[in-house]
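Next up, entry.cif (mmCIF, C-alpha atoms and all ligand atoms):
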data_final
#
loop_
_atom_site.label_atom_id
_atom_site.label_comp_id
_atom_site.auth_asym_id
_atom_site.auth_seq_id
_atom_site.Cartn_x
_atom_site.Cartn_y
_atom_site.Cartn_z
CA MET A 4 110.27 -84.33 91.25
CA ASP A 5 113.17 -84.55 88.82
CA VAL A 6 116.41 -83.82 90.64
CA LYS A 7 119.74 -83.75 88.84
CA VAL A 8 123.23 -82.81 90.02
CA ALA A 9 126.26 -81.83 87.95
CA VAL A 10 129.67 -81.70 89.65
CA LEU A 11 131.44 -78.59 88.32
CA CYS A 12 134.31 -78.52 90.79
CA ASP A 13 135.92 -81.29 92.83
CA ASN A 14 139.36 -82.52 93.89
CA THR A 15 139.24 -85.27 91.21
CA ALA A 16 138.97 -84.63 87.48
CA GLY A 17 136.58 -86.45 85.16
CA LEU A 18 137.06 -86.83 81.43
CA PHE A 19 138.39 -83.60 79.83
CA CYS A 20 137.48 -81.66 82.97
CA LYS A 21 139.78 -79.90 85.43
CA ALA A 22 140.09 -80.44 89.18
CA GLU A 23 141.21 -78.42 92.17
CA HIS A 24 140.75 -78.52 95.92
CA GLY A 25 137.23 -77.15 95.92
CA LEU A 26 133.55 -77.84 95.43
CA ALA A 27 130.79 -76.59 93.14
CA VAL A 28 127.64 -78.55 92.31
CA LEU A 29 124.87 -77.45 89.99
CA LEU A 30 121.47 -78.57 91.25
CA GLU A 31 118.59 -78.87 88.79
CA VAL A 32 115.07 -79.38 90.12
CA ASP A 33 112.25 -79.77 87.59
CA GLY A 34 114.29 -77.80 85.08
CA ARG A 35 115.28 -74.93 87.42
CA SER A 36 118.95 -74.46 88.34
CA PHE A 37 120.68 -73.39 91.55
CA LEU A 38 124.45 -73.34 92.09
CA TRP A 39 125.85 -74.77 95.32
CA ASP A 40 129.30 -73.29 95.99
CA CYS A 41 131.68 -72.02 93.31
CA GLY A 42 135.03 -73.79 93.75
CA GLN A 43 138.33 -72.04 94.45
CA THR A 44 139.32 -70.47 91.09
CA ASP A 45 137.92 -70.67 87.55
CA VAL A 46 137.57 -74.49 87.44
CA ALA A 47 133.76 -74.49 87.87
CA VAL A 48 133.35 -72.04 84.98
CA TYR A 49 135.78 -74.01 82.78
CA ASN A 50 134.11 -77.35 83.50
CA ALA A 51 130.63 -75.92 82.94
CA GLN A 52 131.73 -75.01 79.43
CA VAL A 53 133.19 -78.50 78.83
CA MET A 54 129.99 -80.06 80.15
CA GLY A 55 127.74 -77.88 77.97
CA ILE A 56 126.17 -76.14 80.97
CA ASP A 57 125.18 -72.49 80.53
CA LEU A 58 125.67 -70.75 83.87
CA ARG A 59 123.36 -67.94 82.75
CA GLY A 60 120.56 -70.39 83.58
CA VAL A 61 121.48 -70.39 87.27
CA GLU A 62 118.74 -68.65 89.25
CA GLY A 63 120.69 -68.20 92.48
CA ILE A 64 123.81 -69.27 94.35
CA GLY A 65 124.19 -70.76 97.83
CA LEU A 66 127.37 -70.75 99.89
CA SER A 67 127.86 -73.72 102.21
CA HIS A 68 130.39 -71.84 104.39
CA GLY A 69 133.06 -69.18 104.18
CA HIS A 70 136.10 -71.09 102.92
CA MET A 71 138.00 -70.10 99.79
CA ASP A 72 137.73 -73.54 98.17
CA HIS A 73 133.94 -73.01 98.03
CA ALA A 74 133.76 -69.24 97.52
CA GLY A 75 136.95 -68.30 95.65
CA GLY A 76 135.25 -68.83 92.28
CA LEU A 77 132.27 -66.56 93.04
CA GLY A 78 133.57 -63.62 91.02
CA ARG A 79 134.28 -65.80 87.97
CA VAL A 80 130.83 -67.39 88.14
CA LEU A 81 129.11 -64.00 88.40
CA ALA A 82 131.08 -62.75 85.40
CA VAL A 83 129.40 -65.51 83.35
CA SER A 84 125.98 -65.82 85.03
CA GLY A 85 125.38 -62.09 85.41
CA PRO A 86 124.15 -60.55 88.67
CA ARG A 87 122.57 -63.14 90.96
CA LYS A 88 121.29 -63.47 94.50
CA ILE A 89 123.81 -65.21 96.78
CA TYR A 90 122.68 -66.77 100.03
CA MET A 91 125.14 -67.11 102.90
CA HIS A 92 125.32 -67.07 106.69
CA PRO A 93 126.34 -63.67 108.14
CA GLU A 94 129.49 -65.27 109.61
CA ALA A 95 130.59 -66.64 106.22
CA LEU A 96 132.73 -63.57 105.55
CA ALA A 97 134.70 -63.91 108.81
CA PRO A 98 138.52 -63.92 108.42
CA ARG A 99 139.63 -67.55 108.55
CA TYR A 100 143.03 -69.22 108.72
CA PHE A 101 144.67 -72.61 108.35
CA VAL A 102 147.49 -72.89 110.88
CA ALA A 103 150.01 -75.75 111.00
CA GLY A 104 153.24 -75.16 112.89
CA ALA A 105 154.81 -72.00 111.50
CA ALA A 106 152.49 -71.98 108.49
CA LYS A 107 149.53 -69.59 108.58
CA MET A 108 147.37 -69.21 105.52
CA PHE A 109 144.26 -67.11 104.90
CA VAL A 110 141.49 -69.50 103.80
CA GLY A 111 138.38 -67.29 104.10
CA VAL A 112 136.26 -65.79 101.33
CA PRO A 113 138.78 -63.82 99.26
CA MET A 114 136.29 -61.07 98.24
CA ARG A 115 134.91 -58.62 100.77
CA LEU A 116 131.20 -57.74 100.73
CA GLU A 117 131.76 -54.54 98.73
CA ALA A 118 133.74 -56.44 96.06
CA LEU A 119 131.09 -59.17 95.88
CA GLU A 120 128.35 -56.59 95.40
CA ALA A 121 130.41 -54.77 92.77
CA ALA A 122 130.76 -58.10 90.94
CA GLY A 123 126.97 -58.49 90.81
CA ALA A 124 126.19 -60.42 94.00
CA GLY A 125 122.89 -59.61 95.68
CA VAL A 126 124.01 -60.98 99.03
CA GLU A 127 121.27 -62.29 101.30
CA PHE A 128 122.51 -63.13 104.79
CA THR A 129 120.49 -65.76 106.60
CA ARG A 130 121.08 -67.74 109.81
CA GLY A 131 118.00 -69.93 109.60
CA PRO A 132 116.28 -72.02 106.94
CA VAL A 133 115.35 -70.17 103.75
CA GLU A 134 113.62 -71.32 100.57
CA VAL A 135 115.75 -70.57 97.50
CA LEU A 136 113.60 -72.25 94.82
CA PRO A 137 110.23 -73.99 95.18
CA GLY A 138 110.92 -77.07 97.33
CA VAL A 139 114.62 -76.19 97.74
CA ARG A 140 115.91 -74.75 101.02
CA LEU A 141 119.07 -73.94 102.89
CA THR A 142 119.17 -75.51 106.35
CA GLY A 143 120.80 -72.56 108.08
CA GLU A 144 122.74 -73.35 111.26
CA VAL A 145 123.04 -77.08 111.98
CA PRO A 146 122.50 -78.30 115.58
CA ARG A 147 125.47 -80.32 116.87
CA VAL A 148 124.16 -83.53 118.43
CA THR A 149 126.87 -86.15 117.82
CA ASP A 150 129.86 -86.59 120.13
CA PHE A 151 132.34 -87.50 117.37
CA GLU A 152 132.01 -84.46 115.09
CA GLY A 153 133.77 -81.44 116.56
CA PRO A 154 136.15 -78.57 115.86
CA GLU A 155 139.18 -79.26 113.69
CA PRO A 156 142.66 -78.63 115.11
CA ASN A 157 144.14 -76.54 112.25
CA LEU A 158 141.20 -74.30 111.40
CA PHE A 159 140.82 -70.93 113.09
CA ARG A 160 139.07 -67.62 112.73
CA ASP A 161 140.30 -64.19 113.67
CA GLU A 162 138.25 -62.54 116.39
CA GLY A 163 139.57 -59.07 117.17
CA GLY A 164 143.15 -60.01 116.36
CA GLU A 165 143.05 -63.29 118.27
CA LEU A 166 142.94 -66.68 116.54
CA VAL A 167 140.23 -68.92 118.02
CA PRO A 168 139.17 -72.44 116.97
CA ASP A 169 136.57 -72.16 114.20
CA SER A 170 133.15 -73.39 115.27
CA PHE A 171 131.81 -73.14 111.68
CA ILE A 172 128.49 -71.78 112.85
CA ASP A 173 127.97 -70.74 109.20
CA ASP A 174 128.22 -74.29 107.80
CA GLN A 175 124.95 -75.40 106.22
CA ALA A 176 123.43 -77.75 103.64
CA LEU A 177 121.07 -77.41 100.67
CA VAL A 178 117.96 -79.60 100.74
CA VAL A 179 115.40 -80.56 98.12
CA ASP A 180 112.18 -81.85 99.67
CA THR A 181 110.64 -84.51 97.43
CA PRO A 182 107.90 -87.11 97.97
CA GLU A 183 110.65 -89.79 97.97
CA GLY A 184 112.63 -88.01 100.69
CA ALA A 185 115.24 -85.28 100.94
CA VAL A 186 118.11 -84.72 98.53
CA VAL A 187 120.89 -83.19 100.64
CA LEU A 188 123.90 -81.27 99.33
CA THR A 189 126.73 -80.64 101.77
CA GLY A 190 129.74 -78.35 101.43
CA CYS A 191 132.65 -79.43 103.59
CA ALA A 192 130.28 -80.68 106.32
CA HIS A 193 132.32 -78.92 109.00
CA SER A 194 129.22 -79.15 111.18
CA GLY A 195 129.38 -82.93 110.71
CA VAL A 196 127.72 -84.91 107.92
CA VAL A 197 125.86 -87.00 110.52
CA ASN A 198 124.69 -83.85 112.33
CA ILE A 199 123.47 -82.50 108.98
CA LEU A 200 121.61 -85.69 108.02
CA LYS A 201 120.07 -86.04 111.48
CA TYR A 202 118.87 -82.43 111.27
CA VAL A 203 117.30 -83.02 107.86
CA LEU A 204 115.64 -86.20 109.15
CA GLU A 205 113.83 -84.12 111.78
CA THR A 206 111.62 -82.79 108.97
CA SER A 207 112.01 -85.43 106.21
CA PRO A 208 110.91 -89.07 106.33
CA ARG A 209 114.10 -90.33 104.64
CA ILE A 210 117.21 -89.29 102.71
CA ARG A 211 116.73 -89.87 98.97
CA ALA A 212 120.32 -88.87 98.17
CA VAL A 213 123.28 -87.05 99.68
CA VAL A 214 125.92 -85.23 97.65
CA GLY A 215 129.10 -83.39 98.68
CA GLY A 216 132.00 -83.27 101.11
CA THR A 217 132.16 -85.07 104.45
CA HIS A 218 135.49 -83.91 105.88
CA LEU A 219 136.76 -87.43 106.43
CA GLY A 220 140.03 -86.86 104.59
CA MET A 221 143.61 -86.88 105.83
CA GLY A 222 143.77 -85.99 109.52
CA ALA A 223 140.20 -86.97 110.39
CA PRO A 224 140.18 -89.02 113.61
CA LEU A 225 139.62 -92.73 112.97
CA SER A 226 136.82 -92.71 115.58
CA LYS A 227 134.97 -90.08 113.50
CA VAL A 228 135.48 -92.04 110.29
CA GLU A 229 134.21 -95.28 111.84
CA ALA A 230 131.19 -93.68 113.54
CA THR A 231 130.24 -91.89 110.31
CA MET A 232 130.56 -95.07 108.22
CA GLU A 233 128.41 -96.91 110.77
CA PHE A 234 125.71 -94.24 110.59
CA LEU A 235 125.73 -94.20 106.77
CA ASP A 236 125.56 -98.00 106.70
CA GLY A 237 122.27 -97.89 108.58
CA LEU A 238 120.86 -94.97 106.61
CA ASP A 239 117.94 -95.59 104.25
CA CYS A 240 119.52 -93.62 101.41
CA GLY A 241 119.35 -94.35 97.69
CA LYS A 242 122.52 -92.60 96.52
CA MET A 243 125.60 -91.32 98.32
CA ILE A 244 127.72 -89.14 96.04
CA PHE A 245 130.60 -88.07 98.23
CA ASN A 246 133.63 -86.10 97.06
CA HIS A 247 135.91 -83.15 97.83
CA CYS A 248 137.19 -83.38 101.45
CA THR A 249 135.95 -86.97 101.88
CA GLY A 250 139.43 -88.18 100.94
CA SER A 251 140.51 -91.00 98.65
CA VAL A 252 141.10 -93.54 101.44
CA VAL A 253 137.60 -93.22 102.87
CA MET A 254 136.05 -93.11 99.39
CA SER A 255 137.71 -96.38 98.43
CA ARG A 256 136.33 -97.92 101.63
CA MET A 257 132.87 -96.60 100.69
CA VAL A 258 133.05 -98.35 97.31
CA ASP A 259 133.29 -101.67 99.19
CA ARG A 260 130.96 -100.90 102.06
CA PHE A 261 128.10 -99.24 100.15
CA PRO A 262 127.95 -101.16 96.84
CA GLY A 263 125.41 -99.74 94.42
CA ARG A 264 124.81 -96.74 96.65
CA PHE A 265 128.14 -94.88 96.73
CA ILE A 266 129.29 -92.96 93.66
CA PRO A 267 132.50 -90.86 93.69
CA GLY A 268 131.52 -87.32 92.73
CA GLN A 269 134.34 -86.22 90.43
CA THR A 270 134.08 -83.27 88.03
CA GLY A 271 132.03 -83.96 84.92
CA LEU A 272 129.58 -86.22 86.76
CA VAL A 273 125.96 -85.51 85.81
CA LEU A 274 123.40 -87.68 87.53
CA GLU A 275 119.69 -88.00 88.25
CA VAL A 276 119.45 -88.60 91.97
FE FE A 301 136.05 -77.56 101.44
FE FE A 302 135.82 -75.84 104.48
#
Could you rewrite the structure in this file as structure tokens?
Amino acid sequence: MDVKVAVLCDNTAGLFCKAEHGLAVLLEVDGRSFLWDCGQTDVAVYNAQVMGIDLRGVEGIGLSHGHMDHAGGLGRVLAVSGPRKIYMHPEALAPRYFVAGAAKMFVGVPMRLEALEAAGAGVEFTRGPVEVLPGVRLTGEVPRVTDFEGPEPNLFRDEGGELVPDSFIDDQALVVDTPEGAVVLTGCAHSGVVNILKYVLETSPRIRAVVGGTHLGMGAPLSKVEATMEFLDGLDCGKMIFNHCTGSVVMSRMVDRFPGRFIPGQTGLVLEV
């Protein structure tokens, strides 16, 4: 199977592209396109134009989780692509906040369901695995099996007026099942990139490639960083294209530790994986 990824939105800008804190990756499988996340603003749409990618060819959209840096660009994408089916977990639209000291910022999906539907989204809520294109599936909820990937201290959701630590039950990955193993696309990997890969390995013989965020950026506990690096080191995986919330410090360590396998996934990158 021919599998290609194009990074439309990331924290780092490639040649003539824009960047923002966000993620959007176009997945192409045997000539059919599916969009994974939409970035925070109009950066994904802008970069698609620079990269010569026609978003009208996108057959559907998947949302990794309900954070604005992945879903804020949905309306702009739909304005270009036309009405499309959008897959997300039912909890993705929960009100979410980043809280640090006196600072409290809304970081959930900025459009409510009615506004999304008015913009052309055919929203399909799903908790479990679902096939979105032939051989391409969303994992649904990811079982938490590691002891080093847990809730993050500054991220909360509003439950009946009370802020509670966000469990990110909605966090999921996109998987292409190929004869050479699974190609895995993560969002922010709030459920843990190791948890995600272990879950995929329950049904796939190996990981052919992994693309996306790992949440190992500023503030990630060193124990989590080290345990994740150790796991990735032992993983039979052809390509690791990490970006977004992985953080520049960890990415520069990956360049040294995974030579020939790690590729920084900045905007403008188009790659067969
Ligand atoms: Fe993110
Ligand atoms: Fe996130």
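With distances taken over all atoms listed in the file, A:Met71 is the one residue among A:Met71, A:Leu77, A:Val61, A:Leu235 lying closest to Met108 in chain A.
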- [ ] Check which residues fall inside 12 Å of ligand FE 302 (chain A) when counting all atoms listed in the file, and print them as an NGL selection string.
- [x] :A and (24-26 or 40 or 42-43 or 66-75 or 95 or 99-101 or 110-112 or 154-155 or 157-159 or 169-175 or 189-195 or 215-220 or 247-249)
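The smallest atom-to-atom distance between Val273 in chain A and any of A:Ala121, A:Ile244, A:Leu200, A:Met91, using all atoms listed in the file, is found for A:Ile244.
In this structure, CA of Ala51 in chain A sits 27.2 Å away from CA of Gly143 in chain A.
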Task: For ligand FE 301 (chain A), the nearest of the candidates A:Val48, A:Gly34, A:Asp180, A:Cys41, counting all atoms listed in the file - done: A:Cys41
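Using only C-alpha atoms and all ligand atoms, the shortest contact distance between ligand FE 301 (chain A) and any of A:Leu38, A:Pro86, A:Glu23, A:Asp5 is found at A:Glu23.
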Open item on the list: Using all atoms listed in the file and a cutoff of 7 Å, can you tell me which residues are near (114.8, -87.4, 102.8) in the file's coordinates, and write them out as a PyMOL selection string?
Closed with: chain A and resi 180+183-186+204+207-211
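For the atom pair formed by CA of Leu141 in chain A and CA of Met232 in chain A, the distance is 24.6 Å, given to one decimal.
Closest to Met114 in chain A among A:Glu205, A:Val53, A:Met257, A:Gly78 is A:Gly78, based on all atoms listed in the file.
Using all atoms listed in the file, the shortest contact distance between ligand FE 301 (chain A) and any of A:Leu274, A:Ala124, A:Leu96, A:Cys12 is found at A:Cys12.
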TODO: Enter the distance from CA of Asn14 in chain A to CA of Gly60 in chain A, in Å, rounded to one decimal.
DONE: 24.6 Å
With 6 Å added on each side, what axis-aligned box encloses every listed atom of range 146-164 of chain A? Give the centre and edge lengths in Å to one decimal, as AutoDock Vina command-line options.
--center_x 133.3 --center_y -73.3 --center_z 115.8 --size_x 33.6 --size_y 40.4 --size_z 20.7
TODO: May I have the residues within 8 Å of Cys20 in chain A as a list in words, using all atoms listed in the file and disregarding those fewer than 3 positions away in the same chain?
DONE: Ala16, Gly17, Tyr49, Asn50, Val53, Thr270 and Gly271 of chain A
Task: Residue neighbourhood Pro146 in chain A, 9 Å, only C-alpha atoms, exclusion window fewer than 3 positions, as a count of residues only - done: 4
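Shell of Thr129 in chain A at 9 Å, with only C-alpha atoms counted and residues fewer than 3 places along the chain excluded, is Tyr90, Met91, His92, Pro93, Pro132, Val133 and Gly143 of chain A.
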- [ ] Write out as number ranges by chain which residues come within 12 Å of Arg260 in chain A when counting only C-alpha atoms, dropping same-chain ones fewer than 5 positions away.
- [x] A: 229, 232-233, 235-237, 243, 253-255, 265-266
